[in-house]
Amino acid sequence: MKQPIAKRNGRKLPGLFALCGLLALSLPAPAIERLFTYTHEPETLPKGAIEFEQWITTRAGRNRAVGKTDYYRLQFREELEYGVTDRYQIAFYFNHDYEHFHDPTGDADQSDYRQKGVSFENKLLVLHPAERPVGLALYLEPTLDAAAGLFKLEEKIILGQRHGDWKWAVNLNHETEWEHQYRDTVGEFELTAGVAYLPSPRWSLGVEMRHHAEIEAYRKWEGYAFYLGPSVSYRRERWWAALTVMPQIYGANFEGNPDRETNLDLAGHERWNIRLLVGIHLR
């Protein structure tokens, strides 16, 4: 469920993201680079390894029917990962975002920046892909946004494997969100998958998909959207980056078709999902 955003003028994004880990560029470290941005791979950091990740997600494109032209939302996450063991890693996230759109009914621009709480990731590698036909990891991530009265609990089943120069991964995701001072409940179901070709030790080229749906109070489906697009990653000894660009291919809204679209959902989802990840190995 989306919160209305208040009009704010002259508010600038903070400059803290992407700077936290730059001093560590000269430090060698073991690496677990990601080939995809929406789909996790089953591997975990080695014991004692530390990595900083900067997430930047762009969600753009709604329409006049829902009162949001020139819509875009920039979501930022600063993540610090730590390998507790060779098969269990934890991570802390700081979440914040910026949202902007033009309201054609009031002929006014509206924008809002605010912090979105903190998250704590737990990832357990159950079956190592180097030892089994398919790798398997389990993932649990609680998020608390006390200022908004919101709590989330996300679970993932992560599958993946590498075959020569090819690698694939599939995630089955479920999230429960308690919002509006923890009174209302929304369920989210998501399937993500990616396949990539590694033509060299530094590059990978692939395709990624995302299917996302929401069900209000676990009783009423609100809508769903299916995304598909290219992904690319690049890695060096001490850092890596991955980018995915996915347009919405198909979607539907079950709340009276407020966006007046027949094949897309531009009320609860956006036309474009774009995500950039940059990782820096600290130790």
# chains A, B, ... in the order shown; residues from 1 in each chain; ligands from 1
$ residues_around --residues "region 137-146 of chain A" --least-positions-apart "6" --cutoff "7 Å" --atoms "only C-alpha atoms" --output "NGL selection string"
:A and (42 or 116-127 or 152-159)
$ residues_around --residues "region 204-212 of chain A" --least-positions-apart "2" --cutoff "6 Å" --atoms "only C-alpha atoms" --output "PyMOL selection string"
chain A and resi 189-198+224-233
$ closest_residue --among "A:Glu179, A:Asp103, A:Glu43, A:Glu79" --to "Ala217 (chain A)" --atoms "only C-alpha atoms"
A:Glu179
$ atom_distance --atom1 "CA of Asn173 (chain A)" --atom2 "CA of Gly160 (chain A)"
14.5 Å
$ residues_around --residues "Gly48 (chain A)" --least-positions-apart "2" --cutoff "7 Å" --atoms "only C-alpha atoms" --output "list in words"
Pro46, Ile50, Tyr82, Gly83 and Val84 of chain A
$ decode --residues "region 43-86 of chain A" --atoms "C-alpha atoms" --output "PDB file, in the first residue's frame"
ATOM      1  CA  GLU A  43      26.819 -18.331  -2.682  1.00  0.00           C
ATOM      2  CA  THR A  44      27.761 -16.538   0.555  1.00  0.00           C
ATOM      3  CA  LEU A  45      30.811 -14.544   1.643  1.00  0.00           C
ATOM      4  CA  PRO A  46      33.747 -16.495   3.088  1.00  0.00           C
ATOM      5  CA  LYS A  47      34.179 -16.418   6.867  1.00  0.00           C
ATOM      6  CA  GLY A  48      35.476 -13.045   8.045  1.00  0.00           C
ATOM      7  CA  ALA A  49      34.970 -11.284   4.699  1.00  0.00           C
ATOM      8  CA  ILE A  50      33.335  -7.836   4.717  1.00  0.00           C
ATOM      9  CA  GLU A  51      31.759  -6.103   1.746  1.00  0.00           C
ATOM     10  CA  PHE A  52      30.022  -2.769   1.207  1.00  0.00           C
ATOM     11  CA  GLU A  53      27.259  -2.569  -1.411  1.00  0.00           C
ATOM     12  CA  GLN A  54      25.487   0.483  -2.796  1.00  0.00           C
ATOM     13  CA  TRP A  55      22.029  -0.136  -4.268  1.00  0.00           C
ATOM     14  CA  ILE A  56      20.319   2.393  -6.549  1.00  0.00           C
ATOM     15  CA  THR A  57      16.894   1.392  -7.891  1.00  0.00           C
ATOM     16  CA  THR A  58      14.915   3.521 -10.319  1.00  0.00           C
ATOM     17  CA  ARG A  59      11.189   2.880 -10.688  1.00  0.00           C
ATOM     18  CA  ALA A  60       9.761   5.133 -13.393  1.00  0.00           C
ATOM     19  CA  GLY A  61       6.599   5.591 -15.416  1.00  0.00           C
ATOM     20  CA  ARG A  62       3.014   5.864 -14.251  1.00  0.00           C
ATOM     21  CA  ASN A  63       0.317   7.813 -16.079  1.00  0.00           C
ATOM     22  CA  ARG A  64      -2.173  10.671 -16.060  1.00  0.00           C
ATOM     23  CA  ALA A  65      -5.097   8.408 -15.138  1.00  0.00           C
ATOM     24  CA  VAL A  66      -3.606   7.782 -11.684  1.00  0.00           C
ATOM     25  CA  GLY A  67      -2.554  11.446 -11.318  1.00  0.00           C
ATOM     26  CA  LYS A  68       1.175  10.783 -11.670  1.00  0.00           C
ATOM     27  CA  THR A  69       2.816  12.007 -14.851  1.00  0.00           C
ATOM     28  CA  ASP A  70       6.613  12.361 -15.000  1.00  0.00           C
ATOM     29  CA  TYR A  71       6.772   9.783 -12.209  1.00  0.00           C
ATOM     30  CA  TYR A  72      10.005   8.371 -10.855  1.00  0.00           C
ATOM     31  CA  ARG A  73      11.172   6.915  -7.569  1.00  0.00           C
ATOM     32  CA  LEU A  74      14.820   6.521  -6.589  1.00  0.00           C
ATOM     33  CA  GLN A  75      15.414   3.937  -3.870  1.00  0.00           C
ATOM     34  CA  PHE A  76      18.788   3.791  -2.125  1.00  0.00           C
ATOM     35  CA  ARG A  77      20.214   1.083   0.128  1.00  0.00           C
ATOM     36  CA  GLU A  78      23.623   1.096   1.799  1.00  0.00           C
ATOM     37  CA  GLU A  79      24.529  -2.465   2.758  1.00  0.00           C
ATOM     38  CA  LEU A  80      27.366  -3.847   4.883  1.00  0.00           C
ATOM     39  CA  GLU A  81      27.803  -7.635   4.578  1.00  0.00           C
ATOM     40  CA  TYR A  82      29.806  -9.932   6.861  1.00  0.00           C
ATOM     41  CA  GLY A  83      30.644 -13.626   6.487  1.00  0.00           C
ATOM     42  CA  VAL A  84      29.966 -15.209   9.883  1.00  0.00           C
ATOM     43  CA  THR A  85      30.964 -18.632   8.536  1.00  0.00           C
ATOM     44  CA  ASP A  86      31.694 -19.891   5.030  1.00  0.00           C
TER      45      ASP A  86
END
